[in-house]
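One structure below.
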Amino acid sequence: MGKTFQKPEALADTVTHYCPGCTHGVIHRLVAEVIDELGIRGRTVGIAPVGCAVLAYNYFTFDFQEAAHGRAPAMATGIKRVRPDLVVFTYQGDGDLASIGMGEIIHAANRGEKFTTIFVNNAVYGMTGGQMAPTTMPGQRTTTSPFGRNTDEVGMPIKVAELLASLQTPAYIARQAVIKPKYIVKAKKAIKQAFQYQLAGRCYSFVELISTCPTNWGLTPVDAVKWAEDTMLPYYQLGEYKTPEASAA
Amino acid sequence: MAYHYQIDEERCKGCGLCVTVCPKEVLEISTHVSPKGYFPAFQARPDDCIYCATCCRMCPDVAITISELAGDTADK
Amino acid sequence: MAKILMKGNEAIGEAAIRAGCLNYFAYPITPQSEVAEYLSRRMPEVGGVFLQGESEVAVSYMIFGAAAAGARIFTTSSSPGISLMSEGISYIAGAQCPAVFVNIMRGGPGLGGILPSQADYLQATKGMGHGDFRLLVMAPASVQEAVEMVMKAFPLAEKYRNPVMILGDGLIGQMMEPVEFPDHLKTEPSNKDAWATNGMDARNSRQRNMVKSLCLNPEELNNNNLVLKAKYDQMKKEEVMFERFHTEVDYQVLIVSYGTMSRVCRTAIENMHAEGIEVAMIRPQTLFPFPEAEVLSAAQKNSCQAVASIEMSMGQMLEDVQRCVQGKKPVHWYGKCGGDVPTPEEVADYIRTLI
């Protein structure tokens, strides 16, 4: 780790619209750093979701498509099947991937489509103003669970990394966090590993990243980090859930 | 090797995360408002900076950059 | 070229390959699953791409992704499946990508039936999805015509950077007829480097491309819509296709009918001619753009007493016929919707009531 630090080439100069302290910005930068380090900017296509990152295409300097809500894995499948030489990644949030897009992500992962998914888990629907997500924690107040998520009524939060890891098709499935520097270092390793599996044409790769949403959690960015660490990390445990080398469960 | 440390006030949103992660407590949130309407971070104790770039890695807005300085004139 | 006897669905699949489209994503649904079954064997033979998606929703976005990356791509489905693709088609039109959709219509609404219908006319020509866009819609009346329309659809979709739809029905899909695949309808894909996300390296460019339909700025969105509208205006000028049948005589009734239904009407017209009753037909081959001027001028023939829109729906094309005739002659409708195709005798019986 050198002492100098610059904005990666794959990241645009544009100042983002994300809220102060929103970790989308960290994740965007990590993905851009990995793309720079792997030298693949000229053949990468990103797919933006519907969510806070709907404008993600403004923040990268390579080809980008915009997907309908939840459908990015289907679009990625389409691109990768007709142009297997392109490096394709989807960038998706809780609602996009774990709610409306649940069918698409499971089937793309199960078919072993050779693209990479970056899943931003911040336990809430950000862009639309803070509604409950499939990943919202028990008791967590959101605009559509004003008394706290009642798991008797709506069930427990979904652990997407574990869900996808249960599929029989080989894949790289990991969960890390971007809430503090010590986690960010591991997150970058996982993201790079994911893209390297894609470059090897090996398997589907997926990195879930525990993130903060200070605005919709009603917390300062610093307090949001603490809440994520105390409440989310014990439930959404970090680690590598599956690698293509390990045998299927 | 000398380094140049910079926080770009056009990019900084004053989230304060860099302040909390700095191992040397170099950073603080300033009391002046940036052109964007935020209270940006700044190096309150620049001499203590060890250029570990932890703040850079935490910053969601790539507001902090560190570059190498050639020659004798340097911040440190 | 020798003709081959082929099932409509299979001929449609083969036609795409002969047109230079080697990519197909689809989901099974009666009465068009044979397209996927045929192409699952045939695409690997020609080095093409075949994938059965998990739903029509997913398929519509696979189509979008591939089209946006610059590939020639098509899918086939039937009425309920096309409904599921509605959002995706809107996105494809809004993002100005070329793609071909084939709807082998079945009875509706809802789960409906699996026998032929023409009950998606309004969906295809007026309401394929949210927002201000249209599809170029072609309606074949034979397996050969389906082949030729599929082959023409790809360069048309690329010319307009817009989705194109072939509106067939269960009979077109299921029946077997002799077909040939005209060499002159094989086309090279257009160069899409100006807009497709096919990778900066492949384009030898430092400039990246974005394919999107989001336009938060109202002026920009309006401009985008003006660009789309200009395409549809151009389609109306340049792409109208229709066929006249028996219009040279002094006919008493003008039939407007398309697809399979028009073939029944042809027989009815021939039978009635033998009886001394003169009836003519305009057969739209493009449903959008609709042959408006032709229908009006044919209706205005002095001898013509009435116009009849004959379709396997509850009168979806009727509104367009009424609009074109502008009240100059009375416009009527005859049709059936459950999957039974009206017989020539039933059509003739109905026409006689108009005279």
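Ordered as shown in the structure tokens, chains take letters A, B, and onward, while each chain numbers its residues from 1 and ligands are numbered from 1 in the order shown.
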
Excluding Tyr51 in chain B and residues on its chain fewer than 5 positions from it, collect all residues at most 8 Å away from it, counting only C-alpha atoms, and give them as a list in words.
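With the cut-off at 8 Å, the set is Lys3 and Thr4 of chain A; Tyr3, Tyr5 and Ile66 of chain B.
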
Running DSSP on the backbone, which parts of range 86-319 of chain C land in strand (DSSP E), as a PyMOL selection string?
chain C and resi 99-105+136-138+163-169+176-179+210-211+242-245+253-256+279-284+286-288+306-310

Take the residues just selected and output them with N, CA and C atoms as a compact mmCIF listing (two decimals), in the first residue's frame.
# COMPACT_ATOMS: atom_id res chain seq x y z
N ALA C 99 -34.64 -4.38 -31.91
CA ALA C 99 -34.89 -5.76 -31.49
C ALA C 99 -36.16 -6.22 -32.18
N VAL C 100 -36.30 -7.52 -32.36
CA VAL C 100 -37.46 -8.06 -33.06
C VAL C 100 -38.24 -8.96 -32.11
N PHE C 101 -39.54 -8.74 -32.06
CA PHE C 101 -40.43 -9.53 -31.21
C PHE C 101 -41.48 -10.19 -32.10
N VAL C 102 -41.73 -11.46 -31.86
CA VAL C 102 -42.77 -12.15 -32.60
C VAL C 102 -43.85 -12.58 -31.62
N ASN C 103 -45.11 -12.16 -31.88
CA ASN C 103 -46.23 -12.55 -31.03
C ASN C 103 -47.11 -13.52 -31.81
N ILE C 104 -47.12 -14.77 -31.37
CA ILE C 104 -48.02 -15.75 -31.98
C ILE C 104 -49.28 -15.74 -31.12
N MET C 105 -50.24 -14.94 -31.55
CA MET C 105 -51.38 -14.62 -30.69
C MET C 105 -52.24 -15.83 -30.36
N LEU C 136 -43.16 -0.89 -35.03
CA LEU C 136 -43.50 -1.18 -36.42
C LEU C 136 -44.07 -2.60 -36.38
N VAL C 137 -45.30 -2.76 -36.80
CA VAL C 137 -45.98 -4.06 -36.66
C VAL C 137 -46.30 -4.62 -38.03
N MET C 138 -45.83 -5.84 -38.29
CA MET C 138 -46.14 -6.52 -39.55
C MET C 138 -46.96 -7.77 -39.25
N PRO C 163 -37.89 -1.21 -31.57
CA PRO C 163 -38.38 -2.60 -31.67
C PRO C 163 -39.40 -2.75 -32.79
N VAL C 164 -39.37 -3.91 -33.43
CA VAL C 164 -40.31 -4.26 -34.50
C VAL C 164 -41.04 -5.53 -34.08
N MET C 165 -42.34 -5.59 -34.37
CA MET C 165 -43.10 -6.78 -33.99
C MET C 165 -43.71 -7.46 -35.19
N ILE C 166 -43.61 -8.79 -35.20
CA ILE C 166 -44.35 -9.60 -36.17
C ILE C 166 -45.55 -10.15 -35.42
N LEU C 167 -46.76 -9.79 -35.90
CA LEU C 167 -47.97 -10.23 -35.22
C LEU C 167 -48.56 -11.41 -35.98
N GLY C 168 -48.28 -12.61 -35.48
CA GLY C 168 -48.85 -13.80 -36.11
C GLY C 168 -49.95 -14.32 -35.21
N ASP C 169 -50.46 -15.49 -35.54
CA ASP C 169 -51.44 -16.12 -34.66
C ASP C 169 -51.15 -17.61 -34.62
N MET C 176 -48.24 -26.07 -41.43
CA MET C 176 -47.07 -26.36 -42.26
C MET C 176 -47.34 -25.93 -43.69
N GLU C 177 -46.43 -25.16 -44.25
CA GLU C 177 -46.58 -24.71 -45.64
C GLU C 177 -45.21 -24.74 -46.30
N PRO C 178 -45.18 -24.78 -47.63
CA PRO C 178 -43.87 -24.75 -48.31
C PRO C 178 -43.27 -23.35 -48.20
N VAL C 179 -41.98 -23.32 -47.85
CA VAL C 179 -41.31 -22.02 -47.71
C VAL C 179 -39.96 -22.04 -48.39
N MET C 210 -23.41 5.04 -23.53
CA MET C 210 -24.39 4.73 -22.49
C MET C 210 -25.70 4.41 -23.17
N VAL C 211 -26.36 3.36 -22.75
CA VAL C 211 -27.71 3.09 -23.26
C VAL C 211 -28.66 3.23 -22.09
N PHE C 242 -49.49 -3.16 -47.85
CA PHE C 242 -50.84 -3.73 -47.86
C PHE C 242 -51.01 -4.49 -49.17
N GLU C 243 -52.12 -5.24 -49.24
CA GLU C 243 -52.44 -5.98 -50.47
C GLU C 243 -53.89 -5.72 -50.82
N ARG C 244 -54.15 -5.51 -52.10
CA ARG C 244 -55.55 -5.35 -52.55
C ARG C 244 -56.01 -6.69 -53.09
N PHE C 245 -57.25 -7.05 -52.79
CA PHE C 245 -57.80 -8.26 -53.39
C PHE C 245 -59.16 -7.96 -53.99
N VAL C 253 -69.21 -4.44 -51.00
CA VAL C 253 -68.68 -4.38 -49.63
C VAL C 253 -67.17 -4.44 -49.68
N LEU C 254 -66.53 -3.64 -48.85
CA LEU C 254 -65.07 -3.69 -48.71
C LEU C 254 -64.75 -4.34 -47.37
N ILE C 255 -63.99 -5.43 -47.43
CA ILE C 255 -63.52 -6.07 -46.20
C ILE C 255 -62.13 -5.55 -45.88
N VAL C 256 -61.87 -5.28 -44.62
CA VAL C 256 -60.51 -5.03 -44.15
C VAL C 256 -60.19 -6.16 -43.18
N VAL C 279 -67.35 -8.51 -53.67
CA VAL C 279 -66.75 -8.02 -52.42
C VAL C 279 -65.25 -7.89 -52.66
N ALA C 280 -64.66 -6.86 -52.11
CA ALA C 280 -63.21 -6.68 -52.23
C ALA C 280 -62.58 -6.63 -50.85
N MET C 281 -61.27 -6.70 -50.83
CA MET C 281 -60.58 -6.68 -49.53
C MET C 281 -59.29 -5.86 -49.61
N ILE C 282 -59.04 -5.07 -48.56
CA ILE C 282 -57.72 -4.50 -48.34
C ILE C 282 -57.11 -5.28 -47.18
N ARG C 283 -55.95 -5.87 -47.44
CA ARG C 283 -55.27 -6.63 -46.38
C ARG C 283 -54.06 -5.84 -45.90
N PRO C 284 -54.17 -5.24 -44.71
CA PRO C 284 -52.97 -4.54 -44.20
C PRO C 284 -51.87 -5.56 -43.93
N THR C 286 -48.76 -4.13 -42.89
CA THR C 286 -48.28 -3.43 -41.71
C THR C 286 -49.51 -2.93 -40.96
N LEU C 287 -49.57 -3.23 -39.67
CA LEU C 287 -50.68 -2.74 -38.86
C LEU C 287 -50.32 -1.40 -38.25
N PHE C 288 -49.03 -1.20 -37.98
CA PHE C 288 -48.50 0.15 -37.77
C PHE C 288 -47.24 0.23 -38.61
N ALA C 306 -70.70 -0.55 -47.95
CA ALA C 306 -70.35 -0.74 -46.54
C ALA C 306 -68.94 -1.28 -46.44
N VAL C 307 -68.34 -1.04 -45.28
CA VAL C 307 -67.00 -1.56 -44.98
C VAL C 307 -67.13 -2.50 -43.78
N ALA C 308 -66.42 -3.62 -43.83
CA ALA C 308 -66.47 -4.56 -42.70
C ALA C 308 -65.07 -4.88 -42.22
N SER C 309 -64.84 -4.66 -40.94
CA SER C 309 -63.58 -5.07 -40.32
C SER C 309 -63.80 -6.47 -39.80
N ILE C 310 -63.09 -7.44 -40.40
CA ILE C 310 -63.31 -8.83 -40.02
C ILE C 310 -62.05 -9.35 -39.34

For range 111-125 of chain A, work out the shell of residues within 6 Å, counting only C-alpha atoms and skipping chain neighbours fewer than 4 positions away, then give it as a VMD selection string.
chain A and resid 88 to 94 107 130 to 133 135 to 136 198 203 to 213

Would you export the selected residues with C-alpha atoms as an mmCIF file, in the first residue's frame, please?
data_model
loop_
_atom_site.group_PDB
_atom_site.id
_atom_site.type_symbol
_atom_site.label_atom_id
_atom_site.label_comp_id
_atom_site.auth_asym_id
_atom_site.auth_seq_id
_atom_site.Cartn_x
_atom_site.Cartn_y
_atom_site.Cartn_z
ATOM 1 C CA VAL A 88 -19.959 -7.282 -17.367
ATOM 2 C CA PHE A 89 -21.067 -6.333 -13.896
ATOM 3 C CA THR A 90 -24.371 -5.453 -12.313
ATOM 4 C CA TYR A 91 -24.528 -2.970 -9.462
ATOM 5 C CA GLN A 92 -27.672 -3.447 -7.403
ATOM 6 C CA GLY A 93 -29.300 -2.413 -4.129
ATOM 7 C CA ASP A 94 -31.646 -4.150 -1.694
ATOM 8 C CA HIS A 107 -31.536 -17.799 -12.105
ATOM 9 C CA GLY A 130 -36.519 4.869 3.241
ATOM 10 C CA GLN A 131 -39.087 2.094 2.933
ATOM 11 C CA MET A 132 -38.591 -1.394 4.307
ATOM 12 C CA ALA A 133 -36.442 -3.748 2.296
ATOM 13 C CA THR A 135 -32.880 -6.880 4.164
ATOM 14 C CA THR A 136 -34.314 -4.541 6.843
ATOM 15 C CA GLN A 198 -14.948 -13.526 -14.523
ATOM 16 C CA CYS A 203 -18.141 -18.821 -12.851
ATOM 17 C CA TYR A 204 -20.734 -16.326 -11.645
ATOM 18 C CA SER A 205 -19.330 -13.982 -9.007
ATOM 19 C CA PHE A 206 -21.189 -12.032 -6.334
ATOM 20 C CA VAL A 207 -20.007 -9.660 -3.628
ATOM 21 C CA GLU A 208 -22.513 -8.404 -1.057
ATOM 22 C CA LEU A 209 -21.304 -5.252 0.693
ATOM 23 C CA ILE A 210 -22.737 -4.149 4.030
ATOM 24 C CA SER A 211 -23.239 -0.425 3.616
ATOM 25 C CA THR A 212 -24.748 2.515 5.455
ATOM 26 C CA CYS A 213 -27.673 4.776 4.618
#

Identify every residue of chain C that has at least one atom within 6 Å of any atom of chain A, counting only C-alpha atoms, and report the result as a list in words.
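Residues satisfying the distance criterion: Ala58, Tyr61, Met62, Gly65, Ala66, Thr197, Gly199, Met200, Asp201, Arg208, Asn209, Met210, Val211 and Lys212 of chain C.
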
What's the 12 Å shell around Ser67 in chain B, counting only C-alpha atoms, without same-chain residues fewer than 4 positions away, as a PyMOL selection string?
(chain A and resi 2-7) or (chain B and resi 1-7+51+53+56+74-75)

How would the residues just chosen look if you wrote them out with C-alpha atoms as a short mmCIF file (atom, residue, chain, number, x, y, z; two decimals), in the first residue's frame?
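The resulting file, result_21.cif, is reproduced below:
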data_model
loop_
_atom_site.label_atom_id
_atom_site.label_comp_id
_atom_site.auth_asym_id
_atom_site.auth_seq_id
_atom_site.Cartn_x
_atom_site.Cartn_y
_atom_site.Cartn_z
CA GLY A 2 1.76 3.11 -1.30
CA LYS A 3 1.41 6.47 0.32
CA THR A 4 0.00 8.25 -2.69
CA PHE A 5 -3.68 8.18 -3.46
CA GLN A 6 -5.47 9.35 -6.58
CA LYS A 7 -8.86 8.98 -8.16
CA MET B 1 9.99 11.31 -0.45
CA ALA B 2 7.73 14.31 0.11
CA TYR B 3 3.99 14.30 -0.29
CA HIS B 4 1.26 16.76 -1.05
CA TYR B 5 -2.00 16.18 0.80
CA GLN B 6 -5.20 17.80 -0.42
CA ILE B 7 -8.88 17.80 0.51
CA TYR B 51 0.32 9.77 4.77
CA ALA B 53 -4.07 7.30 3.22
CA CYS B 56 -8.51 8.55 1.41
CA ALA B 74 7.25 19.88 0.37
CA ASP B 75 4.70 19.89 3.15
#

Any chance you could list, as number ranges by chain, the residues in range 99-222 of chain A that come up alpha helix (DSSP H) when DSSP is run on the backbone?
A: 102-111, 151-154, 160-165, 181-199, 214-217, 221-222

Residues of chain B that have any atom at most 6 Å from an atom of chain A: could you tabulate them with the shortest-distance atom pair and the distance in Å to one decimal, using only C-alpha atoms, ordered by chain and increasing number, as a Markdown table?
| residue | atom | partner | partner_atom | distance |
| --- | --- | --- | --- | --- |
| B:Arg11 | CA | A:Val15 | CA | 6.0 |
| B:Lys13 | CA | A:Pro20 | CA | 5.2 |
| B:Cys15 | CA | A:Gly21 | CA | 4.8 |
| B:Leu17 | CA | A:Val222 | CA | 5.9 |
| B:Tyr51 | CA | A:Lys3 | CA | 5.6 |
| B:Cys52 | CA | A:Lys3 | CA | 5.9 |
| B:Met58 | CA | A:Pro181 | CA | 5.8 |
| B:Pro60 | CA | A:Gly25 | CA | 4.1 |
| B:Asp61 | CA | A:Gly25 | CA | 5.7 |
| B:Thr65 | CA | A:Phe5 | CA | 5.2 |
| B:Ile66 | CA | A:Thr4 | CA | 4.7 |
| B:Ser67 | CA | A:Thr4 | CA | 5.1 |

Could you please take those selected residues and save N, CA and C atoms as a PDB file, in the first residue's frame?
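That gives us selection03.pdb:
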ATOM      1  N   ARG B  11     -15.547  18.634  -3.529  1.00  0.00           N
ATOM      2  CA  ARG B  11     -16.024  17.261  -3.456  1.00  0.00           C
ATOM      3  C   ARG B  11     -16.449  16.870  -2.039  1.00  0.00           C
ATOM      4  N   LYS B  13     -18.174  16.425   1.385  1.00  0.00           N
ATOM      5  CA  LYS B  13     -19.537  16.673   1.859  1.00  0.00           C
ATOM      6  C   LYS B  13     -19.600  16.751   3.377  1.00  0.00           C
ATOM      7  N   CYS B  15     -18.885  14.640   5.739  1.00  0.00           N
ATOM      8  CA  CYS B  15     -19.544  13.514   6.417  1.00  0.00           C
ATOM      9  C   CYS B  15     -18.861  13.152   7.721  1.00  0.00           C
ATOM     10  N   LEU B  17     -16.419  11.028   8.235  1.00  0.00           N
ATOM     11  CA  LEU B  17     -15.889   9.667   8.396  1.00  0.00           C
ATOM     12  C   LEU B  17     -14.359   9.693   8.456  1.00  0.00           C
ATOM     13  N   TYR B  51       0.642  10.142   6.152  1.00  0.00           N
ATOM     14  CA  TYR B  51       0.317   9.771   4.773  1.00  0.00           C
ATOM     15  C   TYR B  51      -0.014   8.284   4.679  1.00  0.00           C
ATOM     16  N   CYS B  52      -0.791   7.811   5.651  1.00  0.00           N
ATOM     17  CA  CYS B  52      -1.199   6.401   5.582  1.00  0.00           C
ATOM     18  C   CYS B  52      -2.342   6.202   4.585  1.00  0.00           C
ATOM     19  N   MET B  58     -11.328   5.780   3.152  1.00  0.00           N
ATOM     20  CA  MET B  58     -12.655   5.865   3.764  1.00  0.00           C
ATOM     21  C   MET B  58     -13.553   6.834   3.011  1.00  0.00           C
ATOM     22  N   PRO B  60     -15.973   8.616   0.829  1.00  0.00           N
ATOM     23  CA  PRO B  60     -16.865   8.162  -0.243  1.00  0.00           C
ATOM     24  C   PRO B  60     -16.819   9.070  -1.470  1.00  0.00           C
ATOM     25  N   ASP B  61     -16.188  10.212  -1.378  1.00  0.00           N
ATOM     26  CA  ASP B  61     -16.264  11.164  -2.479  1.00  0.00           C
ATOM     27  C   ASP B  61     -14.936  11.413  -3.170  1.00  0.00           C
ATOM     28  N   THR B  65      -6.742  13.472  -1.777  1.00  0.00           N
ATOM     29  CA  THR B  65      -5.708  12.873  -2.617  1.00  0.00           C
ATOM     30  C   THR B  65      -4.348  13.172  -2.032  1.00  0.00           C
ATOM     31  N   ILE B  66      -3.429  12.258  -2.294  1.00  0.00           N
ATOM     32  CA  ILE B  66      -2.040  12.435  -1.858  1.00  0.00           C
ATOM     33  C   ILE B  66      -1.162  12.181  -3.063  1.00  0.00           C
ATOM     34  N   SER B  67      -0.310  13.155  -3.368  1.00  0.00           N
ATOM     35  CA  SER B  67       0.592  12.934  -4.496  1.00  0.00           C
ATOM     36  C   SER B  67       2.034  13.132  -4.047  1.00  0.00           C
TER      37      SER B  67
END

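Between CA of Leu318 in chain C and CA of Ser262 in chain C lies a distance of 14.4 Å.
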
Grab the CA of Trp195 in chain C to CA of Pro98 in chain C distance for me, in Å with one decimal place.
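CA of Pro98 in chain C lies at a distance of 11.5 Å from CA of Trp195 in chain C.
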
How many Å separate CA of Val21 in chain B from CA of Cys49 in chain B?
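Result for CA of Val21 in chain B versus CA of Cys49 in chain B: 12.6 Å, one decimal.
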
Fewer than 5 positions away in the same chain doesn't count, so skip those; otherwise give me all residues within 8 Å of Cys337 in chain C, counting only C-alpha atoms, as a ChimeraX atom specification.
/C:107,117-119,312-314
